[in-house]
Structures are given as structure tokens and as C-alpha cells.
Amino acid sequence: MAWDFETDPDVQRELDWVEEFVRDEVEPVDQVIEHAWNTRDPRRNALIRPLQERVRERELWACHLGPELGGKGYGQLRLALLNEKLGRTHSGPVVFGCQAPDSGNAEILAHYGSDFQKKTYLDPLIEGDIVSSFSMTEPHGGSDPTGFRTTAVLDGDSWVINGEKWFSSHALFAEFLIVMAVTEPDAPPHERMSMFVVPADTPGVERVRDVSVWGHEESVGTHQYLRYTDVRVPVENLLGRRGEGFAVAQTRLGGGRIHHAMRTVGLVQRAFELMKRRAVSRTTKGARLADKQLVQEMLADSWIQIEQFRLLVLRTAWKIDKHDDYRAVRADIAAVKAAMPKVLMDVSSRAIQIHGSLGISKELPFGKWVMESFHMGLADGATEVHKTNLAKALVRSTTPDDGLFPPYIGPELTREALGRYAELLAEADEVDPVAGGAA
């Protein structure tokens with residue numbers, strides 16, 4: 001019977017090294033750089049690149065990718081254990097070469113890219129020399145990609161792209177964008193779109209607006225509102241086949257959702273650590289905060305939520321490894337994605353409350369994490385969509401009952417039980433309950 005909550009000793013030793021490395025070397029970097037994704041920032045490069053080299057030397061670089069791509073080929077369960085160590089920091093995923101959206105874009109290029117695309121875009125992306133952007137969402141589209149309007153029309157040996165994209169994360173730094181556009185307007189909804197690699201400096205790619213996010217102290221917003229006007233890319237920049245855009249997208253979105261959750265485990269664990277430290281350090285009216293019952297309730301509720309969420313994430317990761325197919329675990333991934341924002345919101349909010357006015361100041365990160373919970377509720381699909389998808393999956397395999405009353409009401413269950421045990425009950429009724437012998 002394989003049901004185990006222990007980590008292999010060799011793996012645990014690596015995790016212990018990662019935890020110490022992240023705390024001692026990576027977390028301090030977060031205090032002095034603006035954005036870990038900005039490969040054009042000399043201050044960032046001076047601090048992060050030496051750390052990346054140490055990760056490579058430890059053979060922990062890009063563990064989500066297979067050995068043929070320079071990674072370790074970790075399964076999702078092992079990635080979950082690694083990512084919860086990295087998720088407590090801003091720079092950690094970049095230092096270990098597994099940051100979004102680049103990790104998902106690398107998976108797309110690995111699965112669907114041509115040899116030329118892999119050499120030109122995938123290789124430098126894996127090396128950490130460049131970053132990329134996933135340009136999918138549209139201003140009017142929201143959570144319904146079947147209503148996207150950006151088009152790509154074949155014109156000779158080029159695709160011509162026209163349309164607008166909203167919130168293309170890190171497009172400010174990106175060397176290339178992966179763009180979803182309608183190429184088959186008359187096909188069924190999920191077969192209308194295709195994916196393309198678009199170099200960021202292609203004529204016609206316009207930065208309409210630099211979009212900032214609350215809680216992110218950036219001099220310039222990194223999530224771009226982009227407009228594509230007669231953007232021409234070679235025909236070979238198509239990723240996969242025509243009309244295969246949704247399938248290509250799911251290559252990255254399934255993994256992206258669970259990886260967000262893995263990192264969030266680490267983030268809420270850090271919030272909880274700081275909450276506990278404050279509770280045992282701060283006194284009021286002659287007693288520690290930790291001795292106040294309402295504070296104890298906040299600590300208990302937070303621990304329970306974190307452990308429940310972490311186990312759900314780990315079990316989902318285990319199921320992905322078992323089935324080797326994100327589609328087979330869609331309901332579990334939807335559940336993880338729906339649970340994630342609330343856990344982050346609840347734990348961060350309690351951490352603020354226990355820290356008092358210091359908690360709402362910019363001297364602590366909790367306010368940023370509260371806002372990040374809303375980000376997590378929207379990134380890679382809104383929470384409401386995932387809850388709906390989960391509910392649909394749950395009821396699909398459930399058979400409806402016939403009749404006015406359900407068959408599990410008490411009278412019906414009693415009738416069935418009496419019929420099942422009729423002979424035994426009849427024999428028992430023939431026994432004198434006082435004498436214990438035959439009547």
C-alpha cells in the first residue's frame with residue numbers, strides 16, 4: 001500500500017540546502033533590486049547572475065524541464081516541494097530558472113517549437129539570458145477567450161497580426177511575445193485560434209500603456225497593454241498547427257496554475273512564520289499576544305488553512321505525475337486554483353492584524369500579499385470560472401435519482417434493510433429474549 005507523507009532523504013537534503021540558500025542569499029536581494037525579471041538592469045544582473053551560477057553548480061537549474069533541455073525533469077510533486085521554498089521570495093523563481101511566464105513559454109516552445117524557434121528563442125530563454133511574455137488576454141475578452149478578436153491572416157509567406165492584448169505580463173522586458181490570434185474564424189470556437197512567436201521589436205507592436213499593479217513598487221508598470229497593427233511575422237513563427245491555439249495554451253496553463261499554487265504555499269508559510277514571531281514577542285496589558293484567545297484563534301485557523309491547502313497542492317501534483325496528463329486532473333487543478341486566493345488573503349490579513357499599524361505599513365510585505373491574493377484570483381483564469389468548472393466535473397459523474405423522494409431517505413433505507421435481513425430477523429424473533437432459548 002503506497003500512502004506516504006515522508007520525503008526521500010536525498011531529496012530532503014536538497015530541499016534543506018534550497019531553504020537555507022533562499023533565506024540567506026536570495027531574500028536579501030529582494031530588498032535592493034526593483035524587478036528580478038529585468039535582464040537589462042545592471043544592478044539586478046550583478047546580484048542575481050552569481051546566484052544563478054550557484055544554482056547551476058548545484059544542478060537545480062530549471063528543474064521543470066527535461067534533461068534534454070538542460071533541466072532535471074522533476075515531476076510535479078518534487079517541483080511542489082521545491083517551489084514552496086522559492087515562493088516566499090520575489091527573486092527565488094528567477095534565481096532557479098523557473099519563473100512565470102517564462103517557464104510556461106519554454107514548455108510551449110519545447111512541445112511545439114521548430115528547430116529554428118528552439119535555437120532562436122528557447123535556448124536563450126532557458127539560459128536566463130532573456131525573458132518573454134504570454135500575450136493572450138484581450139481588453140474586452142476577460143475570462144472568455146472564445147470571444148477574442150485579434151486576428152492573424154496569412155499573406156504570402158507572412159502572418160499579419162492585428163488586434164489588442166491586455167495585461168501581457170513582463171512585456172516591458174520581453175525579447176519575444178507568444179501571441180494568440182484568430183486564424184480560422186469559421187471553425188468551432190475552440191479551433192479558431194493559433195499561437196505565434198512575435199519578436200518584441202517587430203514593427204507594429206505598440207505599447208499603448210504600461211500597467212502597474214497595486215503592491216508592486218515599480219517605477220514603470222511591467223504588464224503591458226499592447227496593440228498589434230499589421231504586425232508581420234514569418235510563416236514559420238506559427239507554434240503547432242493552425243487552429244491549435246487552445247491546445248497549445250493548455251500546455252502552459254495547466255502547469256502554470258499548479259505552479260502558482262506551489263509558490264503560494266511558501267508565501268503563506270512565510271506570513272505565518274512572521275505572525276507567530278510577532279505573537280510571542282509583543283506584549284499588551286502584561287501578557288503576550290500569543291496568550292490572547294482571539295490571537296490564538298487566528299494562529300490556529302491559519303495553520304489549519306495552510307496545511308489543508310498544502311496537502312491539496314501536493315496531492316494534485318502527485319496525481320499529475322501519476323496520470324502524466326493535465327486534462328485528467330483538471331478538476332483538482334481547478335480546486336487548487338480556487339482555494340489559493342482565499343488562503344493567501346486570510347493568512348496575510350491575520351498577519352496584518354497581529355502586527356497592528358506596523359502590519360499596514362510598507363515596512364512589512366503583508367499589504368502587498370493581500371493585493372497579490374486578488375492577482376492570484378485572476379491570473380490564469382478567474383476563481384469563479386474554476387469553481388464552475390470544478391462543479392461541472394463533480395456532477396458529470398453523478399447519476400440522478402428518479403422518483404418524488406430520493407432513495408436515501410430514512411423510510412426507504414429502512415424498507416431496504418428489512419428486506420435484506422428478513423430471514424435473519426425472522427430467526428431472531430423466534431428466540432425468547434428472556435430465556436435465550438427457542439420459543
# chains A, B, ... in the order shown; residues from 1 in each chain; ligands from 1
$ select_by_dssp --residues "segment 190-385 of chain A" --states "alpha helix (DSSP H)" --output "PyMOL selection string"
chain A and resi 245-281+293-323+330-355+357-360+366-376+383-385
$ residues_around --residues "segment 278-286 of chain A" --least-positions-apart "4" --cutoff "9 Å" --atoms "only C-alpha atoms" --output "list of chain:residue names"
A:Glu273, A:Leu274, A:Ala290, A:Asp291, A:Val295, A:Gln296, A:Leu299, A:Ala351, A:Ile354, A:His355
$ closest_residue --among "A:Ala428, A:Ile178, A:Lys322, A:Ser143" --to "Val385 of chain A" --atoms "only C-alpha atoms"
A:Ser143
$ residues_around --residues "segment 84-93 of chain A" --least-positions-apart "6" --cutoff "9 Å" --atoms "only C-alpha atoms" --output "MDAnalysis selection string"
chainID A and resid 15 18:19 22:23 26:27 29:30 35:37 48 99:100 260:271
$ write_last_selection --atoms "C-alpha atoms" --output "mmCIF file, in the first residue's frame"
data_model
loop_
_atom_site.group_PDB
_atom_site.id
_atom_site.type_symbol
_atom_site.label_atom_id
_atom_site.label_comp_id
_atom_site.auth_asym_id
_atom_site.auth_seq_id
_atom_site.Cartn_x
_atom_site.Cartn_y
_atom_site.Cartn_z
ATOM 1 C CA LEU A 15 15.366 20.965 -0.047
ATOM 2 C CA VAL A 18 17.457 25.348 -1.028
ATOM 3 C CA GLU A 19 15.712 26.646 2.080
ATOM 4 C CA VAL A 22 16.872 31.196 -0.273
ATOM 5 C CA ARG A 23 16.772 32.647 3.244
ATOM 6 C CA VAL A 26 18.037 35.294 -2.157
ATOM 7 C CA GLU A 27 15.775 37.111 0.296
ATOM 8 C CA VAL A 29 18.455 40.560 -2.891
ATOM 9 C CA ASP A 30 14.720 41.329 -2.861
ATOM 10 C CA HIS A 35 12.442 43.693 -10.611
ATOM 11 C CA ALA A 36 14.036 40.249 -10.867
ATOM 12 C CA TRP A 37 12.786 39.792 -14.451
ATOM 13 C CA ILE A 48 21.196 37.597 -9.438
ATOM 14 C CA GLN A 99 9.788 31.860 -13.174
ATOM 15 C CA ALA A 100 6.445 32.597 -14.812
ATOM 16 C CA HIS A 260 1.336 29.384 -8.820
ATOM 17 C CA ALA A 261 -0.219 27.339 -6.025
ATOM 18 C CA MET A 262 3.105 25.716 -5.137
ATOM 19 C CA ARG A 263 4.752 29.118 -4.732
ATOM 20 C CA THR A 264 1.781 30.448 -2.787
ATOM 21 C CA VAL A 265 2.279 27.706 -0.198
ATOM 22 C CA GLY A 266 5.695 29.190 0.508
ATOM 23 C CA LEU A 267 4.316 32.717 0.662
ATOM 24 C CA VAL A 268 1.627 31.925 3.228
ATOM 25 C CA GLN A 269 4.119 29.898 5.253
ATOM 26 C CA ARG A 270 6.334 32.974 5.464
ATOM 27 C CA ALA A 271 3.399 35.155 6.533
#
$ select_by_dssp --residues "segment 167-341 of chain A" --states "strand (DSSP E)" --output "VMD selection string"
chain A and resid 167 to 169 176 to 182 193 to 199 205 to 211 223 to 234 238 to 239 283 to 284 287 to 288
$ atom_distance --atom1 "atom CA of Gly97 of chain A" --atom2 "atom CA of Gly75 of chain A"
15.9 Å
$ residues_around --residues "Val231 of chain A" --least-positions-apart "6" --cutoff "7 Å" --atoms "only C-alpha atoms" --output "PyMOL selection string"
chain A and resi 160-162+202-205
$ closest_residue --among "A:Ser357, A:Gln305, A:Thr146, A:Ser114" --to "Lys342 of chain A" --atoms "only C-alpha atoms"
A:Gln305
$ residues_around --residues "Ala339 of chain A" --least-positions-apart "5" --cutoff "9 Å" --atoms "only C-alpha atoms" --output "ChimeraX atom specification"
/A:261,309,334,344,383
$ write_last_selection --atoms "all heavy atoms" --output "short mmCIF file (atom, residue, chain, number, x, y, z; two decimals), in the first residue's frame"
data_model
loop_
_atom_site.label_atom_id
_atom_site.label_comp_id
_atom_site.auth_asym_id
_atom_site.auth_seq_id
_atom_site.Cartn_x
_atom_site.Cartn_y
_atom_site.Cartn_z
N ALA A 261 0.22 27.84 -7.33
CA ALA A 261 -0.22 27.34 -6.03
C ALA A 261 0.97 26.86 -5.20
O ALA A 261 1.03 27.08 -3.99
CB ALA A 261 -1.23 26.21 -6.22
N PHE A 309 -4.41 23.42 2.48
CA PHE A 309 -4.07 23.86 1.13
C PHE A 309 -2.82 23.16 0.62
O PHE A 309 -2.77 22.68 -0.52
CB PHE A 309 -3.87 25.38 1.12
CG PHE A 309 -3.49 25.95 -0.21
CD1 PHE A 309 -4.32 25.80 -1.31
CD2 PHE A 309 -2.29 26.63 -0.37
CE1 PHE A 309 -3.98 26.33 -2.54
CE2 PHE A 309 -1.93 27.15 -1.60
CZ PHE A 309 -2.77 27.01 -2.68
N ALA A 334 -8.38 22.91 -10.81
CA ALA A 334 -9.38 23.97 -10.60
C ALA A 334 -9.62 24.21 -9.11
O ALA A 334 -9.74 25.36 -8.66
CB ALA A 334 -10.69 23.59 -11.29
N LEU A 344 -4.30 32.88 0.79
CA LEU A 344 -3.35 33.99 0.82
C LEU A 344 -3.98 35.23 1.45
O LEU A 344 -3.34 35.92 2.26
CB LEU A 344 -2.87 34.29 -0.59
CG LEU A 344 -1.81 35.39 -0.75
CD1 LEU A 344 -0.60 35.13 0.15
CD2 LEU A 344 -1.37 35.50 -2.20
N THR A 383 -11.25 32.96 -10.35
CA THR A 383 -11.68 31.96 -9.36
C THR A 383 -13.06 31.42 -9.68
O THR A 383 -13.32 30.21 -9.57
CB THR A 383 -11.66 32.58 -7.95
OG1 THR A 383 -10.32 32.96 -7.63
CG2 THR A 383 -12.16 31.59 -6.92
#
